[in-house]
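Undergrad: I'm passing along entry-v8.txt; it holds compact mmCIF, C-alpha atoms.
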# COMPACT_ATOMS: atom_id res chain seq x y z
CA MET A 198 94.20 -19.32 -10.03
CA ASP A 199 93.31 -19.30 -6.29
CA ILE A 200 91.18 -22.00 -4.66
CA GLU A 201 88.08 -19.78 -4.36
CA HIS A 202 88.14 -18.83 -8.06
CA ARG A 203 88.59 -22.46 -9.02
CA ARG A 204 85.51 -23.40 -6.96
CA ARG A 205 83.46 -20.76 -8.75
CA VAL A 206 84.52 -22.07 -12.18
CA VAL A 207 83.62 -25.64 -11.20
CA ALA A 208 80.23 -24.52 -9.88
CA VAL A 209 79.41 -22.56 -13.06
CA THR A 210 80.54 -25.46 -15.25
CA ARG A 211 78.32 -27.84 -13.28
CA ARG A 212 75.29 -25.55 -13.68
CA VAL A 213 75.90 -25.25 -17.42
CA ARG A 214 76.11 -29.03 -17.78
CA ILE A 215 72.91 -29.51 -15.77
CA PHE A 216 71.10 -26.91 -17.91
CA ALA A 217 72.36 -28.50 -21.11
CA GLY A 218 71.20 -31.91 -19.91
CA VAL A 219 67.74 -30.63 -19.05
CA LEU A 220 67.48 -28.88 -22.43
CA LEU A 221 68.55 -32.03 -24.25
CA LEU A 222 65.93 -34.11 -22.44
CA ALA A 223 63.29 -31.52 -23.27
CA LEU A 224 64.22 -31.62 -26.94
CA PHE A 225 63.99 -35.41 -27.01
CA ASP A 226 60.62 -35.25 -25.24
CA CYS A 227 59.13 -32.72 -27.69
CA LYS A 228 56.90 -34.15 -30.39
CA PRO A 229 57.52 -32.85 -33.92
CA ALA A 230 54.95 -30.44 -35.38
CA PRO A 231 52.44 -32.09 -37.70
CA PRO A 232 53.57 -32.01 -41.33
CA ALA A 233 51.80 -29.64 -43.71
CA SER A 234 48.54 -30.80 -45.22
CA LEU A 235 48.72 -32.29 -48.70
CA ARG A 236 47.26 -30.37 -51.64
CA ASP A 237 46.64 -31.12 -55.29
CA HIS A 238 46.14 -28.32 -57.83
CA GLY A 239 45.65 -25.97 -54.90
CA ALA A 240 42.95 -27.99 -53.12
CA LEU A 241 43.24 -29.80 -49.81
CA ILE A 242 43.23 -33.55 -50.34
CA ARG A 243 44.35 -34.70 -46.90
CA GLY A 244 44.39 -33.56 -43.31
CA ASP A 245 47.01 -33.73 -40.59
CA THR A 246 49.18 -36.79 -41.24
CA GLY A 247 50.53 -36.53 -37.70
CA ARG A 248 47.22 -37.57 -36.13
CA ARG A 249 45.63 -41.02 -36.32
CA ALA A 250 42.29 -39.68 -37.51
CA LEU A 251 40.42 -39.71 -40.81
CA ALA A 252 37.12 -38.52 -42.27
CA LEU A 253 34.45 -40.35 -44.22
CA ILE A 254 32.66 -38.51 -47.01
CA PHE A 255 29.81 -39.60 -49.25
CA THR A 256 28.75 -38.07 -52.57
CA GLY A 257 25.43 -38.46 -54.34
CA GLY A 258 23.77 -37.50 -57.59
CA ASP A 259 21.41 -39.93 -59.28
CA PHE A 260 21.41 -42.77 -56.76
CA ALA A 261 20.78 -43.01 -53.02
CA ASP A 262 20.13 -46.71 -52.47
CA GLY A 263 22.79 -46.91 -49.76
CA GLY A 264 21.54 -43.89 -47.85
CA PRO A 265 19.44 -45.60 -45.15
CA PHE A 266 22.06 -48.32 -44.58
CA ILE A 267 24.94 -45.84 -44.40
CA ARG A 268 23.02 -43.54 -42.08
CA GLN A 269 22.13 -46.38 -39.69
CA THR A 270 25.67 -47.75 -39.73
CA LEU A 271 27.17 -44.36 -38.86
CA ALA A 272 24.60 -43.89 -36.11
CA ASP A 273 25.39 -47.32 -34.65
CA LYS A 274 29.11 -46.52 -34.70
CA GLY A 275 28.71 -43.00 -33.33
CA ILE A 276 30.40 -41.36 -36.33
CA GLN A 277 29.61 -38.06 -38.02
CA ALA A 278 30.61 -37.86 -41.68
CA GLY A 279 30.29 -35.51 -44.64
CA PHE A 280 27.63 -35.79 -47.37
CA PHE A 281 27.90 -33.82 -50.61
CA PHE A 282 24.96 -33.91 -53.01
CA THR A 283 24.05 -32.33 -56.34
CA GLY A 284 21.22 -29.84 -56.67
CA ASP A 285 19.05 -32.45 -58.34
CA PHE A 286 19.63 -34.76 -55.38
CA TYR A 287 18.48 -32.07 -52.92
CA ARG A 288 15.44 -31.25 -55.07
CA ASP A 289 14.27 -34.86 -55.38
CA PRO A 290 11.29 -35.35 -53.00
CA ALA A 291 12.15 -39.04 -52.70
CA LYS A 292 15.44 -38.11 -51.04
CA SER A 293 14.10 -35.47 -48.65
CA GLU A 294 13.57 -37.86 -45.72
CA LEU A 295 17.15 -39.13 -45.97
CA ILE A 296 18.56 -35.58 -46.12
CA ARG A 297 16.60 -34.44 -43.08
CA ALA A 298 17.65 -37.54 -41.14
CA LEU A 299 21.31 -36.92 -41.95
CA ILE A 300 20.97 -33.34 -40.72
CA ARG A 301 19.36 -34.52 -37.48
CA ASP A 302 22.21 -36.97 -36.97
CA GLY A 303 24.73 -34.14 -37.04
CA HIS A 304 26.49 -34.88 -40.31
CA TYR A 305 27.99 -32.17 -42.50
CA LEU A 306 25.99 -31.63 -45.72
CA GLY A 307 27.40 -29.66 -48.62
CA PRO A 308 27.22 -29.14 -52.40
CA HIS A 309 28.56 -31.30 -55.24
CA SER A 310 27.64 -29.01 -58.19
CA ASP A 311 24.05 -28.38 -59.15
CA GLN A 312 24.18 -30.17 -62.50
CA HIS A 313 27.35 -32.22 -61.92
CA LEU A 314 29.37 -30.28 -64.49
CA LEU A 315 32.72 -31.39 -65.81
CA TYR A 316 35.00 -28.47 -64.91
CA ALA A 317 38.21 -29.44 -66.69
CA ALA A 318 39.28 -31.56 -69.64
CA TRP A 319 40.31 -35.09 -68.69
CA GLU A 320 43.24 -35.10 -71.08
CA LYS A 321 44.39 -31.53 -70.33
CA ARG A 322 43.48 -30.66 -66.77
CA ASP A 323 44.57 -27.03 -66.91
CA SER A 324 41.97 -26.36 -69.62
CA SER A 325 38.73 -25.26 -67.95
CA LEU A 326 35.50 -26.31 -69.64
CA VAL A 327 33.39 -23.79 -67.72
CA THR A 328 33.67 -20.06 -67.27
CA ARG A 329 33.79 -18.41 -63.88
CA GLU A 330 30.21 -17.21 -64.42
CA GLN A 331 29.00 -20.74 -65.23
CA PHE A 332 30.86 -22.18 -62.26
CA THR A 333 29.43 -19.60 -59.86
CA ALA A 334 25.87 -19.85 -61.17
CA ASP A 335 25.92 -23.64 -60.91
CA LEU A 336 27.30 -23.60 -57.37
CA LEU A 337 24.79 -20.97 -56.24
CA ALA A 338 21.98 -23.08 -57.73
CA ASN A 339 23.24 -26.03 -55.67
CA TYR A 340 23.13 -23.89 -52.51
CA ALA A 341 19.63 -22.71 -53.44
CA ALA A 342 18.51 -26.34 -53.58
CA MET A 343 19.96 -26.83 -50.09
CA ALA A 344 18.22 -23.79 -48.61
CA PRO A 345 14.82 -25.47 -47.93
CA PHE A 346 16.66 -27.80 -45.54
CA GLY A 347 18.19 -24.90 -43.63
CA LEU A 348 21.58 -25.48 -45.22
CA PRO A 349 24.33 -24.53 -45.04
CA ASN A 350 24.31 -23.98 -41.28
CA TYR A 351 28.04 -24.38 -40.55
CA PRO A 352 30.77 -21.79 -39.89
CA GLU A 353 32.78 -22.97 -42.93
CA ARG A 354 31.56 -23.88 -46.40
CA TYR A 355 33.23 -26.88 -47.99
CA PHE A 356 32.63 -28.26 -51.45
CA ILE A 357 33.77 -31.36 -53.31
CA PRO A 358 33.79 -30.89 -57.09
CA PRO A 359 31.75 -33.02 -59.52
CA TYR A 360 33.63 -36.04 -60.86
CA GLU A 361 36.18 -35.12 -58.15
CA TRP A 362 37.97 -33.29 -60.99
CA TYR A 363 39.02 -29.64 -61.09
CA ASN A 364 41.97 -27.32 -61.63
CA ARG A 365 43.48 -24.31 -59.91
CA GLU A 366 40.98 -21.94 -61.49
CA GLN A 367 38.00 -23.58 -59.79
CA VAL A 368 39.86 -23.65 -56.46
CA ALA A 369 40.47 -19.90 -56.76
CA TRP A 370 36.89 -19.14 -57.89
CA ALA A 371 35.48 -21.05 -54.93
CA ALA A 372 37.85 -19.32 -52.50
CA ALA A 373 36.80 -15.92 -53.83
CA ALA A 374 33.21 -16.87 -52.95
CA GLY A 375 34.22 -17.91 -49.43
CA ILE A 376 34.04 -21.63 -50.18
CA THR A 377 36.82 -24.20 -49.77
CA LEU A 378 37.08 -26.71 -52.60
CA PHE A 379 38.62 -29.99 -51.44
CA ASN A 380 38.95 -33.50 -52.75
CA PHE A 381 39.30 -37.05 -51.47
CA THR A 382 42.71 -38.52 -50.69
CA PRO A 383 43.78 -40.69 -53.65
CA GLY A 384 45.33 -44.12 -53.44
CA THR A 385 42.70 -46.55 -52.14
CA SER A 386 40.26 -46.87 -55.10
CA SER A 387 37.32 -46.38 -52.72
CA ASN A 388 35.97 -43.79 -55.18
CA ALA A 389 35.65 -46.60 -57.77
CA ASP A 390 32.77 -48.14 -55.81
CA TYR A 391 30.36 -46.69 -58.43
CA THR A 392 31.82 -48.75 -61.29
CA THR A 393 29.76 -51.48 -62.96
CA PRO A 394 31.06 -54.84 -64.26
CA GLU A 395 31.05 -53.83 -67.93
CA MET A 396 33.30 -50.80 -67.26
CA ARG A 397 36.98 -50.99 -68.09
CA GLY A 398 37.94 -49.63 -64.67
CA TYR A 399 35.59 -51.84 -62.65
CA ARG A 400 36.65 -52.55 -59.09
CA SER A 401 34.89 -55.16 -56.98
CA SER A 402 34.19 -54.46 -53.32
CA GLN A 403 36.82 -57.01 -52.32
CA ALA A 404 39.39 -55.32 -54.57
CA ILE A 405 38.58 -51.95 -52.99
CA TRP A 406 38.81 -53.43 -49.49
CA GLU A 407 42.23 -54.89 -50.24
CA ALA A 408 43.40 -51.63 -51.84
CA ILE A 409 42.50 -49.66 -48.71
CA LEU A 410 44.44 -52.03 -46.46
CA ALA A 411 47.37 -52.15 -48.88
CA TYR A 412 47.57 -48.36 -48.95
CA GLU A 413 47.42 -48.21 -45.16
CA LYS A 414 50.48 -50.45 -44.98
CA ARG A 415 52.33 -48.73 -47.81
CA ASP A 416 52.01 -45.10 -46.71
CA PRO A 417 54.43 -44.19 -43.88
CA HIS A 418 51.56 -42.21 -42.31
CA GLY A 419 48.99 -44.96 -42.81
CA LEU A 420 45.55 -43.41 -43.19
CA ASN A 421 46.33 -40.45 -40.94
CA GLY A 422 44.42 -37.39 -42.14
CA PHE A 423 42.76 -39.42 -44.87
CA ILE A 424 39.57 -38.29 -46.63
CA LEU A 425 37.90 -41.53 -47.68
CA LEU A 426 35.17 -41.20 -50.32
CA ILE A 427 32.30 -43.65 -50.81
CA HIS A 428 29.20 -43.11 -52.94
CA VAL A 429 25.84 -42.94 -51.19
CA GLY A 430 24.29 -44.95 -54.00
CA THR A 431 25.29 -46.72 -57.21
CA ASP A 432 23.82 -47.92 -60.48
CA PRO A 433 21.53 -50.99 -60.05
CA ARG A 434 23.83 -52.84 -62.45
CA ARG A 435 26.36 -52.90 -59.63
CA THR A 436 24.99 -55.45 -57.21
CA ASP A 437 28.28 -55.68 -55.29
CA LYS A 438 27.73 -52.64 -53.06
CA PHE A 439 30.83 -51.52 -51.19
CA TYR A 440 28.82 -49.46 -48.70
CA LEU A 441 27.53 -52.73 -47.24
CA ARG A 442 31.04 -53.28 -45.86
CA LEU A 443 31.16 -49.88 -44.16
CA GLY A 444 30.57 -51.21 -40.65
CA ASP A 445 33.27 -53.84 -40.98
CA LEU A 446 35.70 -51.24 -42.33
CA ILE A 447 35.02 -48.87 -39.43
CA ASP A 448 35.53 -51.67 -36.90
CA LEU A 449 38.80 -52.73 -38.52
CA LEU A 450 40.22 -49.21 -38.64
CA ARG A 451 39.25 -48.59 -35.03
CA ARG A 452 41.09 -51.73 -34.01
CA LYS A 453 44.11 -50.26 -35.76
CA GLY A 454 43.83 -47.18 -33.58
CA TYR A 455 42.13 -44.73 -35.94
CA SER A 456 39.41 -42.30 -34.91
CA PHE A 457 36.86 -40.61 -37.17
CA GLN A 458 36.32 -36.87 -37.49
CA ARG A 459 33.59 -34.95 -39.25
CA ILE A 460 35.01 -33.59 -42.48
CA ASP A 461 34.81 -29.92 -41.50
CA ALA A 462 36.74 -30.58 -38.27
CA LEU A 463 39.46 -32.43 -40.18
CA LEU A 464 39.73 -29.73 -42.87
CA ARG A 465 39.62 -26.87 -40.35
CA ARG A 466 42.65 -28.27 -38.57
CA ALA A 467 44.44 -28.91 -41.85
CA ASN A 468 43.77 -25.39 -43.17
CA ARG A 469 45.35 -23.57 -40.20
Kindly return the structure encoded in the file as structure tokens.
TA:
Amino acid sequence: MDIEHRRRVVAVTRRVRIFAGVLLLALFDCKPAPPASLRDHGALIRGDTGRRALALIFTGGDFADGGPFIRQTLADKGIQAGFFFTGDFYRDPAKSELIRALIRDGHYLGPHSDQHLLYAAWEKRDSSLVTREQFTADLLANYAAMAPFGLPNYPERYFIPPYEWYNREQVAWAAAAGITLFNFTPGTSSNADYTTPEMRGYRSSQAIWEAILAYEKRDPHGLNGFILLIHVGTDPRRTDKFYLRLGDLIDLLRRKGYSFQRIDALLRRANR
């Protein structure tokens, strides 16, 4: 091999090593793609676990005692949330002022079943207790109750099922109607804030608070992509109202680096 050829080989080898080094640095610098959204029985139950953001949602049927407090707290904190009410809730004149105020504040308002039907058997979830016709009629009645408020007025229609209980049939029926059925992210017991002291599954507000923080530490993703459910009102027999701790919870999670998204924004990103 002559000297000139040897020089060319050395030069090419050097360029290859430089390119390989640059490529390796680029690979180390790349962030991994967010993991897929979590689903349960076909429904979204969590958003992007790669982002330090979560959504607050509130459901309501018979009670709305926490409505004014929750609305003011969210306004003070600059947070837009999701509110999902039954048809009877929307039709109740006593709740009209709260509903209109929530709309003005920019929250997402959706349905929660017109008559709060139980869709599936508790002991055998795959057994539907309603037909497709009953499901559709009930959901359309819920939307009809929303219509006087100018709802829905969002690009996507999202729906949380009554009792937060459903199976794959209801997910498919909703999808066929252009509606996305979703559910809260399990694990924190926040949905037990409706329980009263005489119930077997009663959870105090302190127990719920501790369960949220314990879950945040236990899950490798913390509360990333979480859909946290709280009831907008509870039975008068429950005097220990968890919604009264909403402001403190928001402050704590923000100190931990979390941001809050409106539910449709969180679900839209998760459903891509």
Undergrad: Hey, can you check how far atom CA of Gly279 of chain A sits from atom CA of Tyr305 of chain A?
TA: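 The value is 4.6 Å.
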Undergrad: Find the residues around Asp448 of chain A up to 12 Å (all atoms listed in the file counted), leave out those fewer than 6 positions away in its own chain, and share them as JSON, numbers by chain.
TA: {"A": [270, 271, 273, 274, 275, 276, 442, 454, 455, 456, 457]}
Undergrad: Looking at A:Pro349, A:Pro358, A:Gly444, A:Gly430, which one is nearest to Gly264 of chain A, with distances taken over all atoms listed in the file?
TA: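 Checking each candidate against Gly264 of chain A, we get A:Gly430 as the closest.
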Undergrad: Compare A:Ala298, A:Ile424, A:Glu366, A:Pro417 by their minimum atom-to-atom distance to Thr385 of chain A, counting only C-alpha atoms, and give me the closest one.
TA: A:Ile424
Undergrad: Determine, counting all atoms listed in the file, every residue of protein, DNA or RNA that lies within 7 Å of (16.3, -38.5, -42.4) in the file coordinates, then give the result as an MDAnalysis selection string.
TA: chainID A and resid 294:299
Undergrad: Which polymer residues have any atom within 8 Å of an atom of Asn421 of chain A, counting all atoms listed in the file, with same-chain residues fewer than 4 positions away left out, as a list in words?
TA: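 Using all atoms listed in the file, the neighbours found are Gly244, Asp245, Thr246, Gly247, Arg248, Arg249, Ala250, Leu251 and Tyr455 of chain A.
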Undergrad: Calculated over all atoms listed in the file, which of the candidates A:Phe356, A:Trp370, A:Glu407, A:Ser402 has the smallest distance to Val327 of chain A?
TA: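 Using all atoms listed in the file, the shortest distance to Val327 of chain A belongs to A:Trp370.
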Undergrad: For Arg435 of chain A, please output as a ChimeraX atom specification all residues within 12 Å (counting all atoms listed in the file; exclusion window: fewer than 4 positions along the same chain).
TA: /A:260,262,389-396,399-402,430-431,439-440
Undergrad: I'd like to know which of A:Lys414, A:Lys321, A:Arg466, A:Lys292 is closest to Ala261 of chain A, using all atoms listed in the file.
TA: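 The answer is A:Lys292, which sits nearest to Ala261 of chain A.
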Undergrad: Around the point (43.0, -27.5, -48.0) in the file's coordinates, collect all residues with an atom within 7 Å, using all atoms listed in the file, and return them as a PyMOL selection string.
TA: chain A and resi 236+240-242+379+464+467-468
Undergrad: Measure the distance from atom CA of Leu450 of chain A to atom CA of Trp406 of chain A in Å and round it to one decimal.
TA: 11.7 Å
Undergrad: From the list A:Thr256, A:Thr382, A:Thr436, A:Thr333, which residue is nearest Phe281 of chain A when using all atoms listed in the file?
TA: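 Among A:Thr256, A:Thr382, A:Thr436, A:Thr333, it is A:Thr256 that comes nearest to Phe281 of chain A.
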Undergrad: Kindly give the distance, in Å, that separates atom CA of Ala252 of chain A and atom CA of Pro359 of chain A, rounded to a single decimal.
TA: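 So the answer is 18.9 Å.
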Undergrad: Could you check the closest approach to Phe381 of chain A for each of A:Ala342, A:Ala272, A:Ile460, A:Leu443 and tell me which residue wins, using only C-alpha atoms?
TA: A:Ile460
Undergrad: Segment 330-332 of chain A: which residues within 9 Å, counting only C-alpha atoms, same-chain residues fewer than 3 positions away excluded, as a list in words?
TA: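 Contacts, with the query itself left out: Ser310, Leu314, Tyr316, Val327, Asp335, Leu336, Leu337, Gln367, Trp370 and Ala371 of chain A.
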